[in-house]
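Chemist: Structure: model_34.csv, CSV, C-alpha atoms.
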```csv
chain,number,residue,atom,x,y,z
A,1,MET,CA,2.3,-3.4,-28.1
A,2,ASN,CA,-1.3,-4.0,-27.2
A,3,GLN,CA,-4.4,-4.1,-29.4
A,4,ALA,CA,-6.7,-1.1,-29.0
A,5,ARG,CA,-10.0,-2.2,-27.6
A,6,ILE,CA,-13.3,-0.7,-26.4
A,7,TYR,CA,-15.4,-1.6,-23.4
A,8,THR,CA,-19.1,-0.9,-24.0
A,9,ASN,CA,-22.4,-0.9,-22.1
A,10,ILE,CA,-20.6,-0.3,-18.8
A,11,LYS,CA,-23.2,0.0,-16.1
A,12,SER,CA,-21.1,2.7,-14.3
A,13,LEU,CA,-17.5,3.8,-14.9
A,14,TYR,CA,-16.1,5.0,-11.6
A,15,GLY,CA,-13.1,6.9,-10.4
A,16,ILE,CA,-13.1,9.5,-13.2
A,17,THR,CA,-10.7,12.5,-12.9
A,18,ALA,CA,-9.7,15.2,-15.3
A,19,ASN,CA,-6.7,17.4,-14.3
A,20,LEU,CA,-7.9,17.4,-10.7
A,21,PRO,CA,-5.6,17.7,-7.6
A,22,ARG,CA,-3.6,14.5,-7.5
A,23,ASN,CA,-5.2,13.3,-4.3
A,24,LYS,CA,-8.6,13.8,-2.7
A,25,ALA,CA,-8.8,15.2,0.8
A,26,GLY,CA,-11.6,15.8,3.3
A,27,ARG,CA,-15.0,16.4,1.8
A,28,GLU,CA,-13.6,15.7,-1.7
A,29,MET,CA,-13.3,12.1,-0.8
A,30,LYS,CA,-17.0,11.6,-1.0
A,31,GLU,CA,-16.8,12.3,-4.7
A,32,PHE,CA,-15.9,9.1,-6.6
A,33,ASP,CA,-17.0,10.5,-9.9
A,34,HIS,CA,-18.8,8.2,-12.3
A,35,LEU,CA,-20.5,8.0,-15.6
A,36,ASP,CA,-23.5,5.7,-16.1
A,37,SER,CA,-24.1,3.7,-19.3
A,38,ALA,CA,-20.6,4.3,-20.5
A,39,TRP,CA,-17.9,3.2,-22.9
A,40,LEU,CA,-14.1,3.2,-22.4
A,41,LEU,CA,-11.5,3.2,-25.2
A,42,ILE,CA,-8.0,1.8,-24.6
A,43,SER,CA,-5.1,2.7,-26.9
A,44,GLU,CA,-2.7,0.2,-28.4
A,45,HIS,CA,-0.1,1.7,-25.9
A,46,GLY,CA,-2.1,0.4,-22.9
A,47,THR,CA,-3.4,3.8,-21.9
A,48,ILE,CA,-6.9,5.3,-21.5
A,49,LYS,CA,-7.6,7.0,-24.8
A,50,ASN,CA,-11.2,8.2,-24.2
A,51,PHE,CA,-14.5,7.5,-22.6
A,52,GLY,CA,-18.1,8.8,-22.6
A,53,PRO,CA,-21.8,7.9,-22.5
A,54,MET,CA,-23.1,5.1,-24.7
A,55,ASN,CA,-25.2,7.5,-26.8
A,56,SER,CA,-21.9,8.9,-28.1
A,57,VAL,CA,-20.0,5.6,-28.5
A,58,PRO,CA,-17.6,6.0,-31.5
A,59,GLU,CA,-17.4,3.6,-34.5
A,60,PHE,CA,-14.6,1.1,-33.7
A,61,SER,CA,-13.3,-1.8,-35.8
A,62,GLY,CA,-11.1,-3.4,-33.1
A,63,THR,CA,-11.9,-5.7,-30.1
A,64,THR,CA,-15.1,-4.8,-28.3
A,65,ILE,CA,-15.9,-6.1,-24.8
A,66,ASP,CA,-19.5,-5.9,-23.6
A,67,CYS,CA,-19.7,-5.0,-19.9
A,68,SER,CA,-23.5,-5.0,-19.4
A,69,GLY,CA,-24.5,-4.9,-15.8
A,70,LYS,CA,-20.8,-4.5,-14.7
A,71,LEU,CA,-18.9,-1.6,-13.1
A,72,ILE,CA,-15.4,-0.5,-14.0
A,73,LEU,CA,-13.1,1.0,-11.4
A,74,PRO,CA,-9.4,2.0,-11.3
A,75,CYS,CA,-7.2,-0.6,-9.8
A,76,PHE,CA,-6.2,-0.4,-6.2
A,77,VAL,CA,-2.8,1.0,-5.3
A,78,ASP,CA,-1.5,-0.8,-2.3
A,79,SER,CA,1.1,1.6,-0.7
A,80,HIS,CA,2.2,-0.4,2.2
A,81,THR,CA,3.2,-4.1,2.1
A,82,HIS,CA,5.9,-6.5,3.3
A,83,LEU,CA,5.5,-8.8,0.4
A,84,ILE,CA,8.9,-10.5,0.5
A,85,HIS,CA,9.3,-12.9,3.4
A,86,ALA,CA,10.1,-16.5,4.2
A,87,GLY,CA,7.5,-18.9,5.6
A,88,SER,CA,4.4,-18.0,7.7
A,89,ARG,CA,3.6,-17.3,11.3
A,90,GLU,CA,0.4,-19.2,12.0
A,91,ASN,CA,1.7,-20.4,15.4
A,92,GLU,CA,1.7,-16.8,16.6
A,93,PHE,CA,-1.9,-16.5,15.4
A,94,VAL,CA,-2.7,-19.3,17.8
A,95,ASP,CA,-0.7,-17.6,20.6
A,96,ARG,CA,-2.9,-14.5,20.2
A,97,ILE,CA,-6.0,-16.7,20.4
A,98,LYS,CA,-4.6,-18.0,23.7
A,99,GLY,CA,-4.3,-14.4,24.9
A,100,LEU,CA,-0.7,-13.2,24.2
A,101,SER,CA,-0.3,-9.7,22.8
A,102,TYR,CA,1.7,-8.7,19.8
A,103,GLU,CA,4.4,-7.3,22.1
A,104,GLN,CA,4.4,-10.4,24.3
A,105,ILE,CA,4.9,-12.6,21.2
A,106,ALA,CA,7.8,-10.4,20.1
A,107,ASN,CA,9.4,-10.5,23.6
A,108,LYS,CA,9.6,-14.3,23.4
A,109,GLY,CA,11.4,-14.4,20.0
A,110,GLY,CA,8.4,-14.2,17.7
A,111,GLY,CA,7.2,-11.4,15.5
A,112,ILE,CA,9.7,-9.6,13.2
A,113,LEU,CA,12.7,-11.5,14.6
A,114,ASN,CA,10.9,-14.8,13.8
A,115,SER,CA,10.6,-13.8,10.2
A,116,ALA,CA,14.2,-12.5,10.1
A,117,SER,CA,15.5,-15.9,11.3
A,118,LYS,CA,13.5,-17.7,8.6
A,119,LEU,CA,14.6,-15.3,5.9
A,120,HIS,CA,18.3,-15.9,6.7
A,121,LEU,CA,17.8,-19.6,5.8
A,122,SER,CA,16.2,-18.8,2.4
A,123,THR,CA,17.9,-18.2,-0.9
A,124,GLU,CA,17.1,-15.3,-3.2
A,125,ASP,CA,15.6,-17.7,-5.7
A,126,GLU,CA,13.3,-19.2,-3.1
A,127,LEU,CA,12.2,-15.7,-1.9
A,128,PHE,CA,11.7,-14.6,-5.5
A,129,GLU,CA,9.4,-17.6,-6.4
A,130,ALA,CA,7.3,-17.2,-3.3
A,131,SER,CA,7.0,-13.4,-3.7
A,132,TYR,CA,6.2,-13.6,-7.4
A,133,GLU,CA,3.3,-15.9,-6.6
A,134,ARG,CA,2.0,-13.4,-4.0
A,135,LEU,CA,2.4,-10.5,-6.4
A,136,ASN,CA,0.2,-12.3,-9.0
A,137,LYS,CA,-2.3,-13.0,-6.3
A,138,ALA,CA,-2.4,-9.4,-5.3
A,139,ILE,CA,-3.0,-8.4,-9.0
A,140,SER,CA,-5.8,-10.9,-9.3
A,141,LEU,CA,-7.4,-9.2,-6.3
A,142,GLY,CA,-7.4,-5.8,-8.1
A,143,THR,CA,-4.0,-4.3,-7.1
A,144,GLY,CA,-2.5,-2.3,-10.0
A,145,ALA,CA,0.5,-0.8,-8.3
A,146,ILE,CA,2.3,-1.8,-5.1
A,147,GLU,CA,5.0,-0.9,-2.5
A,148,ILE,CA,7.3,-3.6,-1.1
A,149,LYS,CA,9.3,-3.1,2.1
A,150,SER,CA,12.4,-4.9,3.3
A,151,GLY,CA,12.8,-5.3,7.1
A,152,TYR,CA,13.1,-9.0,7.7
A,153,GLY,CA,16.8,-9.1,7.0
A,154,LEU,CA,18.1,-6.9,9.8
A,155,SER,CA,21.7,-7.3,8.6
A,156,LEU,CA,23.7,-6.0,5.6
A,157,GLU,CA,23.4,-9.4,3.8
A,158,GLY,CA,19.7,-10.0,4.7
A,159,GLU,CA,18.5,-6.5,3.7
A,160,LEU,CA,20.3,-6.6,0.4
A,161,LYS,CA,18.9,-10.1,-0.2
A,162,ILE,CA,15.3,-8.8,0.1
A,163,LEU,CA,15.9,-5.7,-1.9
A,164,ARG,CA,17.6,-7.6,-4.7
A,165,VAL,CA,14.5,-9.9,-4.8
A,166,ALA,CA,12.4,-6.8,-5.0
A,167,HIS,CA,14.5,-5.5,-7.9
A,168,ARG,CA,14.0,-8.8,-9.7
A,169,LEU,CA,10.3,-8.5,-9.2
A,170,LYS,CA,10.3,-5.0,-10.6
A,171,SER,CA,11.9,-6.4,-13.8
A,172,VAL,CA,9.2,-8.9,-14.4
A,173,SER,CA,6.1,-7.3,-12.8
A,174,PRO,CA,3.3,-6.1,-15.1
A,175,ILE,CA,2.5,-3.4,-12.4
A,176,PRO,CA,4.7,-0.7,-11.0
A,177,ILE,CA,6.6,-1.5,-7.8
A,178,LYS,CA,8.1,1.0,-5.4
A,179,VAL,CA,10.6,-0.4,-3.0
A,180,THR,CA,11.2,0.8,0.6
A,181,PHE,CA,14.3,0.0,2.8
A,182,LEU,CA,13.1,-0.8,6.4
A,183,GLY,CA,16.3,-2.0,8.1
A,184,ALA,CA,15.1,-0.3,11.3
A,185,HIS,CA,12.1,-2.7,11.7
A,186,ALA,CA,13.3,-4.3,14.9
A,187,LEU,CA,16.6,-4.5,16.8
A,188,PRO,CA,18.5,-7.7,16.0
A,189,MET,CA,19.3,-10.0,18.9
A,190,ALA,CA,23.0,-9.5,18.1
A,191,TYR,CA,22.7,-5.8,18.9
A,192,LYS,CA,20.3,-6.1,21.9
A,193,ASN,CA,22.9,-4.5,24.2
A,194,ASN,CA,24.3,-2.0,21.6
A,195,ARG,CA,21.6,-0.1,19.8
A,196,GLU,CA,24.0,2.5,18.6
A,197,GLN,CA,26.1,0.0,16.8
A,198,TYR,CA,23.2,-1.2,14.8
A,199,ILE,CA,22.2,2.3,13.9
A,200,ASN,CA,25.7,2.9,12.8
A,201,LEU,CA,25.7,-0.2,10.7
A,202,ILE,CA,22.6,1.0,8.9
A,203,ILE,CA,24.0,4.5,8.3
A,204,ASN,CA,27.6,3.6,7.4
A,205,GLU,CA,27.2,0.3,5.6
A,206,ILE,CA,23.7,-0.8,4.6
A,207,ILE,CA,22.3,2.5,3.2
A,208,PRO,CA,25.4,3.2,1.1
A,209,ALA,CA,25.3,-0.4,-0.3
A,210,ILE,CA,21.6,0.0,-1.2
A,211,ALA,CA,22.3,3.3,-2.9
A,212,ALA,CA,25.3,1.9,-4.8
A,213,GLU,CA,23.0,-0.8,-6.4
A,214,LYS,CA,20.0,1.6,-6.6
A,215,LEU,CA,17.8,-0.9,-4.8
A,216,ALA,CA,15.3,1.4,-3.0
A,217,ASP,CA,13.1,4.4,-3.5
A,218,TYR,CA,12.2,5.1,0.1
A,219,ILE,CA,13.4,4.6,3.7
A,220,ASP,CA,11.2,3.5,6.6
A,221,VAL,CA,11.6,3.3,10.3
A,222,PHE,CA,9.4,1.6,12.9
A,223,CYS,CA,9.2,4.5,15.3
A,224,GLU,CA,7.6,3.0,18.4
A,225,THR,CA,8.1,2.2,22.0
A,226,ASN,CA,10.5,-0.8,22.3
A,227,TYR,CA,11.5,-0.4,18.7
A,228,PHE,CA,13.2,2.8,17.5
A,229,SER,CA,13.0,6.2,19.1
A,230,VAL,CA,12.2,9.5,17.5
A,231,SER,CA,15.8,10.6,17.7
A,232,GLU,CA,17.0,7.4,16.1
A,233,MET,CA,14.4,7.8,13.3
A,234,GLU,CA,15.6,11.3,12.7
A,235,GLN,CA,19.2,10.0,12.3
A,236,LEU,CA,18.2,7.4,9.8
A,237,LEU,CA,15.9,9.6,7.8
A,238,ASP,CA,18.7,12.3,7.5
A,239,CYS,CA,21.0,9.6,6.2
A,240,GLY,CA,18.3,8.4,3.8
A,241,TRP,CA,17.9,11.9,2.3
A,242,LYS,CA,21.7,12.0,1.7
A,243,TYR,CA,21.2,9.0,-0.6
A,244,ASN,CA,17.9,10.2,-2.2
A,245,LEU,CA,15.8,7.8,-0.1
A,246,LYS,CA,12.6,9.6,0.8
A,247,PRO,CA,10.9,8.8,4.1
A,248,LYS,CA,7.7,6.7,4.4
A,249,VAL,CA,7.5,5.7,8.1
A,250,HIS,CA,5.7,3.4,10.6
A,251,VAL,CA,4.4,5.6,13.4
A,252,ASN,CA,1.7,5.6,16.2
A,253,GLN,CA,0.8,1.9,16.0
A,254,PHE,CA,0.8,1.3,19.8
A,255,ASN,CA,1.8,4.7,21.2
A,256,SER,CA,2.1,8.4,20.2
A,257,ILE,CA,5.7,9.4,20.9
A,258,GLY,CA,6.2,12.3,18.6
A,259,GLY,CA,7.0,10.4,15.5
A,260,ILE,CA,4.4,12.1,13.3
A,261,LYS,CA,5.6,15.6,13.9
A,262,SER,CA,9.2,14.5,13.4
A,263,ALA,CA,8.4,12.6,10.2
A,264,ILE,CA,6.6,15.7,8.8
A,265,ASN,CA,9.6,17.8,9.6
A,266,LYS,CA,11.8,15.3,7.7
A,267,LYS,CA,9.4,15.7,4.7
A,268,ALA,CA,8.0,12.2,4.9
A,269,ILE,CA,5.8,11.2,1.9
A,270,SER,CA,3.5,9.3,4.2
A,271,VAL,CA,3.0,8.3,7.8
A,272,ASP,CA,1.5,4.8,8.2
A,273,HIS,CA,-0.5,3.0,10.9
A,274,LEU,CA,-1.8,5.9,13.1
A,275,GLU,CA,-3.9,3.7,15.3
A,276,ILE,CA,-3.1,5.9,18.3
A,277,MET,CA,-3.5,9.7,17.7
A,278,THR,CA,-3.3,12.8,19.9
A,279,PRO,CA,-4.7,16.3,19.1
A,280,ASP,CA,-1.1,17.4,18.4
A,281,ASP,CA,-0.8,14.6,15.8
A,282,PHE,CA,-3.9,15.8,14.0
A,283,GLU,CA,-2.7,19.4,14.0
A,284,ALA,CA,0.7,18.4,12.7
A,285,LEU,CA,-0.8,16.5,9.8
A,286,LYS,CA,-3.3,19.3,9.0
A,287,ASN,CA,-0.3,21.7,8.4
A,288,SER,CA,1.7,19.4,6.2
A,289,ASN,CA,1.9,17.7,2.8
A,290,THR,CA,2.4,14.3,4.4
A,291,ILE,CA,-0.2,11.6,3.6
A,292,PRO,CA,-1.8,9.6,6.4
A,293,VAL,CA,-2.1,5.9,5.7
A,294,ALA,CA,-4.4,3.6,7.6
A,295,LEU,CA,-4.0,-0.2,7.8
A,296,PRO,CA,-7.3,-1.7,8.9
A,297,ALA,CA,-6.5,-5.3,8.2
A,298,CYS,CA,-3.7,-5.1,10.8
A,299,SER,CA,-6.1,-3.8,13.4
A,300,PHE,CA,-8.6,-6.5,12.5
A,301,PHE,CA,-6.1,-9.3,12.7
A,302,ILE,CA,-4.2,-8.4,15.9
A,303,LYS,CA,-7.2,-6.7,17.6
A,304,ILE,CA,-5.7,-3.3,18.2
A,305,PRO,CA,-7.6,0.0,17.7
A,306,TYR,CA,-8.4,1.1,14.2
A,307,ALA,CA,-6.9,4.4,13.0
A,308,PRO,CA,-9.4,7.3,13.4
A,309,ALA,CA,-10.1,7.4,9.7
A,310,ARG,CA,-13.3,9.3,10.0
A,311,GLN,CA,-11.6,12.0,12.1
A,312,LEU,CA,-8.6,12.2,9.7
A,313,ILE,CA,-11.0,12.8,6.7
A,314,ASP,CA,-13.1,15.3,8.7
A,315,CYS,CA,-9.9,17.3,9.4
A,316,GLY,CA,-9.5,17.7,5.6
A,317,LEU,CA,-6.8,15.2,5.1
A,318,PRO,CA,-6.1,12.9,2.1
A,319,LEU,CA,-6.6,9.5,3.9
A,320,THR,CA,-5.1,6.5,2.2
A,321,LEU,CA,-5.8,2.8,2.8
A,322,ALA,CA,-3.3,0.0,2.3
A,323,SER,CA,-3.1,-3.7,3.2
A,324,ASP,CA,0.0,-3.9,5.4
A,325,TYR,CA,0.4,-7.4,4.0
A,326,ASN,CA,2.9,-9.3,6.1
A,327,PRO,CA,3.1,-12.8,7.7
A,328,GLY,CA,2.6,-11.7,11.3
A,329,SER,CA,0.1,-8.9,11.7
A,330,SER,CA,-1.8,-8.7,8.4
A,331,PRO,CA,-1.6,-11.8,6.1
A,332,CYS,CA,-4.1,-10.2,3.7
A,333,LEU,CA,-3.4,-9.3,0.1
A,334,SER,CA,-7.1,-8.4,-0.5
A,335,MET,CA,-7.7,-4.7,-1.0
A,336,PRO,CA,-11.4,-5.4,-1.5
A,337,PHE,CA,-11.5,-6.7,2.1
A,338,VAL,CA,-9.5,-3.6,3.2
A,339,VAL,CA,-12.2,-1.4,1.6
A,340,SER,CA,-14.9,-3.4,3.3
A,341,LEU,CA,-13.2,-3.1,6.7
A,342,ALA,CA,-12.8,0.7,6.2
A,343,CYS,CA,-16.5,1.0,5.7
A,344,ILE,CA,-17.6,-1.5,8.4
A,345,SER,CA,-15.1,-0.7,11.2
A,346,MET,CA,-13.9,2.9,10.4
A,347,GLY,CA,-17.1,4.5,9.3
A,348,LEU,CA,-16.0,5.4,5.7
A,349,LEU,CA,-18.5,5.8,2.9
A,350,PRO,CA,-17.8,3.5,0.0
A,351,GLU,CA,-16.8,6.4,-2.2
A,352,GLU,CA,-14.3,7.6,0.5
A,353,ALA,CA,-12.9,4.1,0.8
A,354,PHE,CA,-12.4,3.7,-2.9
A,355,ASN,CA,-10.7,7.1,-3.2
A,356,ALA,CA,-8.5,6.2,-0.3
A,357,SER,CA,-7.3,3.0,-1.9
A,358,THR,CA,-6.9,4.2,-5.5
A,359,LEU,CA,-6.0,7.8,-6.2
A,360,ASN,CA,-4.7,8.5,-2.7
A,361,GLY,CA,-2.8,5.3,-2.7
A,362,ALA,CA,-1.1,6.4,-5.9
A,363,ALA,CA,-0.2,9.7,-4.3
A,364,ALA,CA,1.4,7.9,-1.4
A,365,LEU,CA,3.7,6.2,-3.9
A,366,GLU,CA,4.1,9.3,-6.1
A,367,LEU,CA,2.4,7.5,-9.0
A,368,GLN,CA,-0.7,9.7,-9.1
A,369,ASN,CA,0.0,11.2,-12.5
A,370,GLU,CA,-0.2,7.8,-14.2
A,371,TYR,CA,-2.3,5.5,-11.9
A,372,GLY,CA,-5.2,5.6,-9.5
A,373,SER,CA,-8.0,6.9,-11.6
A,374,ILE,CA,-9.8,6.8,-14.9
A,375,GLU,CA,-8.3,9.7,-16.8
A,376,ILE,CA,-7.3,10.2,-20.4
A,377,GLY,CA,-3.6,9.5,-20.8
A,378,LYS,CA,-3.3,7.4,-17.6
A,379,LYS,CA,-2.3,3.7,-17.7
A,380,ALA,CA,-5.3,1.4,-18.3
A,381,ASN,CA,-5.1,-0.4,-15.0
A,382,PHE,CA,-8.7,-1.1,-13.9
A,383,MET,CA,-11.1,-3.7,-12.5
A,384,ILE,CA,-14.3,-5.0,-14.1
A,385,SER,CA,-16.8,-6.2,-11.6
A,386,LYS,CA,-19.2,-9.0,-11.9
A,387,ALA,CA,-22.8,-8.0,-12.6
A,388,VAL,CA,-23.7,-6.1,-9.3
A,389,PRO,CA,-26.5,-3.8,-8.2
A,390,SER,CA,-24.4,-0.8,-7.3
A,391,LEU,CA,-21.0,0.5,-6.0
A,392,ASN,CA,-22.3,0.1,-2.4
A,393,TYR,CA,-22.7,-3.6,-3.0
A,394,LEU,CA,-18.9,-4.1,-3.3
A,395,PRO,CA,-17.9,-3.3,0.3
A,396,TYR,CA,-21.2,-4.7,1.5
A,397,SER,CA,-20.5,-8.1,0.1
A,398,PHE,CA,-17.3,-8.3,2.2
A,399,ALA,CA,-16.7,-12.1,1.8
A,400,GLU,CA,-17.6,-12.3,-1.9
A,401,ASN,CA,-15.2,-12.0,-4.8
A,402,TRP,CA,-16.9,-9.3,-6.9
A,403,ILE,CA,-14.0,-8.9,-9.4
A,404,ASP,CA,-14.7,-10.4,-12.8
A,405,SER,CA,-11.4,-9.4,-14.4
A,406,VAL,CA,-8.4,-7.1,-13.9
A,407,VAL,CA,-6.9,-5.2,-16.8
A,408,ILE,CA,-3.3,-4.1,-16.5
A,409,SER,CA,-1.8,-1.7,-19.1
A,410,GLY,CA,-4.7,-2.5,-21.4
A,411,LYS,CA,-4.2,-6.3,-21.2
```
Could you take the file, read its structure, and then write that structure out as structure tokens?

Modeler:
Amino acid sequence: MNQARIYTNIKSLYGITANLPRNKAGREMKEFDHLDSAWLLISEHGTIKNFGPMNSVPEFSGTTIDCSGKLILPCFVDSHTHLIHAGSRENEFVDRIKGLSYEQIANKGGGILNSASKLHLSTEDELFEASYERLNKAISLGTGAIEIKSGYGLSLEGELKILRVAHRLKSVSPIPIKVTFLGAHALPMAYKNNREQYINLIINEIIPAIAAEKLADYIDVFCETNYFSVSEMEQLLDCGWKYNLKPKVHVNQFNSIGGIKSAINKKAISVDHLEIMTPDDFEALKNSNTIPVALPACSFFIKIPYAPARQLIDCGLPLTLASDYNPGSSPCLSMPFVVSLACISMGLLPEEAFNASTLNGAAALELQNEYGSIEIGKKANFMISKAVPSLNYLPYSFAENWIDSVVISGK
């Protein structure tokens, strides 16, 4: 059990909620509620016990931390990552500098298939050690809850290897981890001429094996031209639901092929990427409970369009931001950088970007009742900034580490 402690003289305490809707949508996203000159009391159970203005600070005999000149904000919730992988893909980075597109690199054996071949040569222990190091790095950068996808196995053995590593990470992680099965990430070379056989392998063997070991919370499909069609996605999501795997899917990264509407019909928790959107896609989202997730670091790194975040918010939607951390198209664990990109390249206000990466990120992982904001009873997962002039300074200083410390469950 933790020691109770109080943080005092906080310049501004941000991200306050009190029994509000469990995400913020549209105009609400401009409201990143705060209290100036504040105190924050953490219980011995690692939860937020109370907070208020300094003129009402309670008598307290335990540990006191002075936060003069500093901001406190809820930790980020990174709802889309590919944290578990083998090796890196910096050669493809150079290929892009030379002018090759993401799809051209994939067609010559790079991309997802490159990562899959490296993963097959790695042991579970090797993957665990590398991924645990990445997890701790993400936490040091302010992430207080995270999602991890499979998808670099592309076989029964490979996918189970990744998901078992994710299960091990969950057992030692100080932050909550949600796990997503993404066997339909790319078509393996062995099934290049028999797509149906690979779909059947996922449905008849891989998903039942995952369910038997309780290794995943969600199911994902890369629904995109040259990857998996809408009808193939629907088959896989239907099978996922039979085994209590809820959909969280990749759609509209390079093309709009109807994946958003279909995912909504399949009751997807979120649709992620959304770089290419049509009027019909916006309309489908406006009439749904599915959360749109934008991944600006991917757009930045591989030079594709950014998701129309401003338009999604202006449609009244609960936009979410995530890192899309992966070795090929977004080798970035820094949610502070994602927030800066959202402001610089997508036109979000700082308040909107922080709501999108904290409370709305929690909603995209169904963790919004315990994480994502400063609220009495929630887990004490928050960031303390260095002494800074204002909230606006954080995304403005995009190449600067403004985090002084990260508190997880009160520690």

Chemist: With distances taken over all atoms listed in the file, which residue among A:Gly62, A:Gly144, A:Gly259, A:Pro208 lies nearest A:Trp241?

Modeler: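 Smallest distance to A:Trp241 is found for A:Pro208.
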
Chemist: What's the 10 Å shell around A:Leu341, counting all atoms listed in the file, without same-chain residues fewer than 2 positions away, as a ChimeraX atom specification?

Modeler: /A:295-297,299-300,306,335-339,343-348,353,395-396,398

Chemist: What's the separation between atom CA of A:Met233 and atom CA of A:Asn289, in Å to one decimal place?

Modeler: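 Computing the Euclidean distance for atom CA of A:Met233 and atom CA of A:Asn289 yields 19.1 Å.
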
Chemist: Would you list the contacts of A:Ser329 as JSON, numbers by chain, taking every protein, DNA or RNA residue within 12 Å and counting only C-alpha atoms, but skipping same-chain residues closer than 5 positions in sequence?

Modeler: {"A": [81, 82, 88, 89, 90, 92, 93, 96, 101, 102, 103, 105, 106, 110, 111, 112, 115, 253, 273, 295, 296, 297, 298, 299, 300, 301, 302, 303, 304, 323, 324]}

Chemist: I'd like to know which of A:Pro53, A:Pro350, A:Gly69, A:Gly183 is closest to A:Met29, using all atoms listed in the file.

Modeler: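 Of A:Pro53, A:Pro350, A:Gly69, A:Gly183, the one nearest A:Met29 is A:Pro350, counting all atoms listed in the file.
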
Chemist: Would you mind telling me which residue in A:Ile376, A:Leu20, A:Leu169, A:Leu156 lies nearest to A:Ile84 when using all atoms listed in the file?

Modeler: A:Leu169

Chemist: What is the distance, in Å and to one decimal place, between atom CA of A:Gly258 and atom CA of A:Thr290?

Modeler: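 Going from atom CA of A:Gly258 over to atom CA of A:Thr290, I get 14.8 Å.
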
Chemist: What does the distance between atom CA of A:Glu366 and atom CA of A:Asp280 come to in Å, to one decimal place?

Modeler: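 So the two atoms, atom CA of A:Glu366 and atom CA of A:Asp280, lie 26.3 Å apart.
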
Chemist: Which residues, written as a ChimeraX atom specification, have at least one atom at most 9 Å from A:Ser262, with all atoms listed in the file counted and residues fewer than 5 positions away on the same chain left out?

Modeler: /A:230-231,233-234,267-268

Chemist: For a quick check of understanding, using only C-alpha atoms, which of A:Leu127, A:Leu201, A:Leu317, A:Ile72 has the smallest distance to A:Ser288?

Modeler: A:Leu317

Chemist: So that I can see what lies close to A:Ser150, please list as a ChimeraX atom specification the residues with an atom at most 6 Å from it, counting all atoms listed in the file and leaving out residues fewer than 3 positions away in the same chain.

Modeler: /A:162,181-182

Chemist: Under the rule that only C-alpha atoms are counted, which of A:Arg27, A:Lys411, A:Lys118, A:Lys178 is the nearest residue to A:Gly46?

Modeler: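 Result for the nearest residue to A:Gly46: A:Lys411.
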
Chemist: If we draw a sphere of 10 Å around (6.2, -18.5, -1.6), which residues have at least one atom in it when counting only C-alpha atoms? Please report them as a PyMOL selection string.

Modeler: chain A and resi 83-88+126-134

Chemist: So, with all atoms listed in the file as the atoms that count, which of A:Ile257, A:Cys223, A:Ile207, A:Val172 lies closest to A:Cys239?

Modeler: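 Closest candidate: A:Ile207.
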
Chemist: Around the point (2.7, -5.5, -9.3), in the coordinates given by the file, pick out the residues reaching within 10 Å, counting only C-alpha atoms, and return them as a list of chain:residue names.

Modeler: A:Val77, A:Asp78, A:Tyr132, A:Arg134, A:Leu135, A:Asn136, A:Lys137, A:Ala138, A:Ile139, A:Thr143, A:Gly144, A:Ala145, A:Ile146, A:Glu147, A:Ile148, A:Leu169, A:Lys170, A:Val172, A:Ser173, A:Pro174, A:Ile175, A:Pro176, A:Ile177, A:Lys178, A:Ile408

Chemist: Which residues, written as number ranges by chain, have at least one atom at most 12 Å from stretch 243-246 of chain A, with all atoms listed in the file counted and residues fewer than 6 positions away on the same chain left out?

Modeler: A: 178-182, 203-204, 206-221, 236-237, 263-264, 266-271, 290, 364-366
